2 protein chains.
Amino acid sequence: MNDAVPLRDRAARREVLLDAADRIVRRDGPAASMAAIAAEAGISKPILYRHFGDKSGLYAALAERYTTRLLDDLQAALRSGTTRRDRVERTIGAYLSAIEEEPQVYRFLVHSDEAAPAQSQVRSFTRRLSVLLADGIATEIDAPPARAAAWGHGIVGMVQAAGDWWLETGGATRTELVEELTALLFGAYGTSPS
Amino acid sequence: MNDAVPLRDRAARREVLLDAADRIVRRDGPAASMAAIAAEAGISKPILYRHFGDKSGLYAALAERYTTRLLDDLQAALRSGTTRRDRVERTIGAYLSAIEEEPQVYRFLVHSDEAAPAQSQVRSFTRRLSVLLADGIATEIDAPPARAAAWGHGIVGMVQAAGDWWLETGGATRTELVEELTALLFGAYGTSPS
DNA sequence: ACGTCCTGTTACCGGCGGTAACACTCTGAG
DNA sequence: CTCAGAGTGTTACCGCCGGTAACAGGACGT
């Protein structure tokens, strides 16, 4: 039964499988199952497992695909702009734009491997982004590494939580939310009159 | 076979079941299974389901138990202190203390129902806390509701993300982390020299 | 012609959340 | 005393999940 699929090339096959996984993730969100992905690709489960090892392997490969562009964009935003506040605004804006354009993909990236065994060698998207931001902060201002790390993780968590809330309730426009979060980061809460 | 358990009282029985669930959650974290909880309580699964409906019902009841004291503490911290910065420090400190004292319980509260069907009537701990903080902010400074909501969710996300990172890496003391996060909220990043 | 590798399948495993169906005891009415 | 019924308990099952063993058949070098 070696018909209809003349793909001898492993890499090309892999891309086709990831295409199928992508379609299912966009349809089912983080609840996408291996069986559904295999069916979508027109193959059976063991092939998936031979290519990706296990579910977290497939998820990692798919996340890599989604992530590359986004992380590049964010890194670019981090280095752009004239003032620091401008940089922060652009970076948060880029993040929220990604959420807005592809909510299911965002949910998959951020909320898929919660409560996972955690010994996975695949650092999650959130962690990678946090570390990246921490590095950015450490080089921008000369902060001790502990401070930069705490801030990096904290800021990413802040934007993600606000993004989740925004996705669910959809109360404000993206621009407004960017402005609120930027203001918060620049101490607007601490200095507001009571 | 109605032996060894003279508990005719539904409420008391419920507490006993929650005690068992508590033990298993402390042992297994968010991966605790219904079968394990039933076994720990010395009963069979259907009894659990008759008492709590389904897994999210049990989780909600257990979360309620964990949450009551913590939310009270946090609300008290929000209203305490002399300066606003003092209040923020105390509140973040109370949150991180809870993480430090009972990490498994914290993990259960924050990371158990991720990727859940979401139509659950049980608002998660994170959401409840965010709304509570948003209300606090809205009454403390007169901010428009959208701003207070965005800030509430963002700040809770920030502290949670930093807390998760702290739990995993354990790099700093609680007091240090509280100081870093408070400084961040008061604009230390925005005003640091580059 | 034949063993071997590769690609593909079906069919299974254990564990999960959740439930149907049945067993036993206790109680109250006739 | 007897018998229906309500509770309370159990076992055994369902479907779905992630993951794998075991097998089927074509491609190919010797």
# chains A, B, ... in the order shown; residues from 1 in each chain; ligands from 1
$ interface_residues --of "chain D" --to "chain A" --cutoff "12 Å" --atoms "only C-alpha atoms (C1' of nucleotides)" --output "PyMOL selection string"
chain D and resi 16-21+24-27
$ closest_atom_pairs --of "chain B" --to "chain A" --cutoff "9 Å" --atoms "only C-alpha atoms" --output "Markdown table"
| residue | atom | partner | partner_atom | distance |
| --- | --- | --- | --- | --- |
| B:Gly29 | CA | A:Ala115 | CA | 8.9 |
| B:Pro30 | CA | A:Ala115 | CA | 6.7 |
| B:Ala31 | CA | A:Ala115 | CA | 7.3 |
| B:Arg84 | CA | A:Gly190 | CA | 7.3 |
| B:Arg85 | CA | A:Gly190 | CA | 7.2 |
| B:Arg107 | CA | A:Ala115 | CA | 8.5 |
| B:His111 | CA | A:Ala115 | CA | 6.3 |
| B:Ser112 | CA | A:Ala115 | CA | 7.1 |
| B:Glu114 | CA | A:His111 | CA | 6.6 |
| B:Ala115 | CA | A:His111 | CA | 6.4 |
| B:Ala116 | CA | A:Ala31 | CA | 9.0 |
| B:Arg127 | CA | A:Trp165 | CA | 8.7 |
| B:Ile137 | CA | A:Tyr189 | CA | 8.6 |
| B:Thr139 | CA | A:Ser194 | CA | 8.7 |
| B:Glu140 | CA | A:Ser194 | CA | 5.8 |
| B:Ile141 | CA | A:Ser194 | CA | 4.5 |
| B:Asp142 | CA | A:Ser194 | CA | 7.0 |
| B:Ala143 | CA | A:Ser192 | CA | 8.9 |
| B:Ala146 | CA | A:Ala172 | CA | 7.3 |
| B:Arg147 | CA | A:Glu180 | CA | 6.2 |
| B:Ala149 | CA | A:Ala162 | CA | 8.8 |
| B:Ala150 | CA | A:Ala162 | CA | 6.0 |
| B:Trp151 | CA | A:Leu184 | CA | 6.9 |
| B:Gly152 | CA | A:Ala162 | CA | 8.4 |
| B:His153 | CA | A:Ala162 | CA | 5.4 |
| B:Gly154 | CA | A:Met158 | CA | 4.2 |
| B:Ile155 | CA | A:Met158 | CA | 5.9 |
| B:Val156 | CA | A:Met158 | CA | 7.2 |
| B:Gly157 | CA | A:Met158 | CA | 4.6 |
| B:Met158 | CA | A:Met158 | CA | 4.1 |
| B:Val159 | CA | A:Gly154 | CA | 6.2 |
| B:Gln160 | CA | A:Gly157 | CA | 7.1 |
| B:Ala161 | CA | A:Gly157 | CA | 4.9 |
| B:Ala162 | CA | A:Gly154 | CA | 4.9 |
| B:Gly163 | CA | A:Gly154 | CA | 8.5 |
| B:Asp164 | CA | A:His153 | CA | 8.9 |
| B:Trp165 | CA | A:His153 | CA | 7.0 |
| B:Trp166 | CA | A:Ala150 | CA | 8.2 |
| B:Gly171 | CA | A:Ala146 | CA | 7.5 |
| B:Ala172 | CA | A:Ala146 | CA | 7.3 |
| B:Glu176 | CA | A:Arg147 | CA | 8.9 |
| B:Leu177 | CA | A:Ala150 | CA | 7.1 |
| B:Glu180 | CA | A:Arg147 | CA | 6.2 |
| B:Leu181 | CA | A:Trp151 | CA | 7.0 |
| B:Ala183 | CA | A:Gly187 | CA | 8.9 |
| B:Leu184 | CA | A:Trp151 | CA | 6.9 |
| B:Leu185 | CA | A:Gly187 | CA | 5.8 |
| B:Phe186 | CA | A:Gly187 | CA | 4.3 |
| B:Gly187 | CA | A:Gly187 | CA | 3.7 |
| B:Ala188 | CA | A:Gly187 | CA | 7.5 |
| B:Tyr189 | CA | A:Phe186 | CA | 7.0 |
| B:Gly190 | CA | A:Phe186 | CA | 4.9 |
| B:Thr191 | CA | A:Phe186 | CA | 7.6 |
| B:Ser192 | CA | A:Ile141 | CA | 6.6 |
| B:Pro193 | CA | A:Ile141 | CA | 6.2 |
| B:Ser194 | CA | A:Ile141 | CA | 4.4 |
$ closest_atom_pairs --of "chain C" --to "chain B" --cutoff "8 Å" --atoms "only C-alpha atoms (C1' of nucleotides)" --output "tab-separated table"
residue	atom	partner	partner_atom	distance
C:DC16	C1'	B:Ser33	CA	7.8
C:DG17	C1'	B:Lys55	CA	7.6
C:DG18	C1'	B:Asp54	CA	7.8
C:DC24	C1'	B:Met1	CA	6.6
C:DT25	C1'	B:Asn2	CA	7.3
$ residues_around --residues "DT27 of chain C" --least-positions-apart "5" --cutoff "12 Å" --atoms "only C-alpha atoms (C1' of nucleotides)" --output "PyMOL selection string"
chain D and resi 3-7
$ write_last_selection --atoms "C-alpha atoms (C1' of nucleotides)" --output "PDB file, in the first residue's frame"
ATOM      1  C1'  DC D   3     -43.003  -6.461  51.655  1.00  0.00           C
ATOM      2  C1'  DA D   4     -42.146  -2.119  48.802  1.00  0.00           C
ATOM      3  C1'  DG D   5     -39.056   1.479  48.391  1.00  0.00           C
ATOM      4  C1'  DA D   6     -35.445   4.732  49.367  1.00  0.00           C
ATOM      5  C1'  DG D   7     -30.504   5.189  50.306  1.00  0.00           C
TER       6       DG D   7
END
$ closest_residue --among "D:DG15, D:DT10, D:DT30, D:DC23" --to "DT9 of chain C" --atoms "only C-alpha atoms (C1' of nucleotides)"
D:DC23
$ residues_around --residues "Leu109 of chain B" --least-positions-apart "6" --cutoff "10 Å" --atoms "only C-alpha atoms (C1' of nucleotides)" --output "count of residues only"
13
$ closest_residue --among "A:Leu48, A:Leu70, A:Leu96, A:Val105" --to "DG8 of chain C" --atoms "only C-alpha atoms (C1' of nucleotides)"
A:Leu48
$ atom_distance --atom1 "atom CA of Thr173 of chain B" --atom2 "atom CA of Glu102 of chain B"
15.8 Å
$ atom_distance --atom1 "atom CA of Ala21 of chain A" --atom2 "atom C1' of DA11 of chain C"
24.0 Å
$ atom_distance --atom1 "atom CA of Gly42 of chain A" --atom2 "atom CA of Val16 of chain A"
10.4 Å
$ select_by_dssp --residues "segment 2-121 of chain A" --states "helix (DSSP H, G or I)" --output "count of residues only"
90
$ closest_residue --among "A:Arg123, A:Thr175, A:Ala11, A:Glu168" --to "Tyr95 of chain A" --atoms "only C-alpha atoms"
A:Thr175
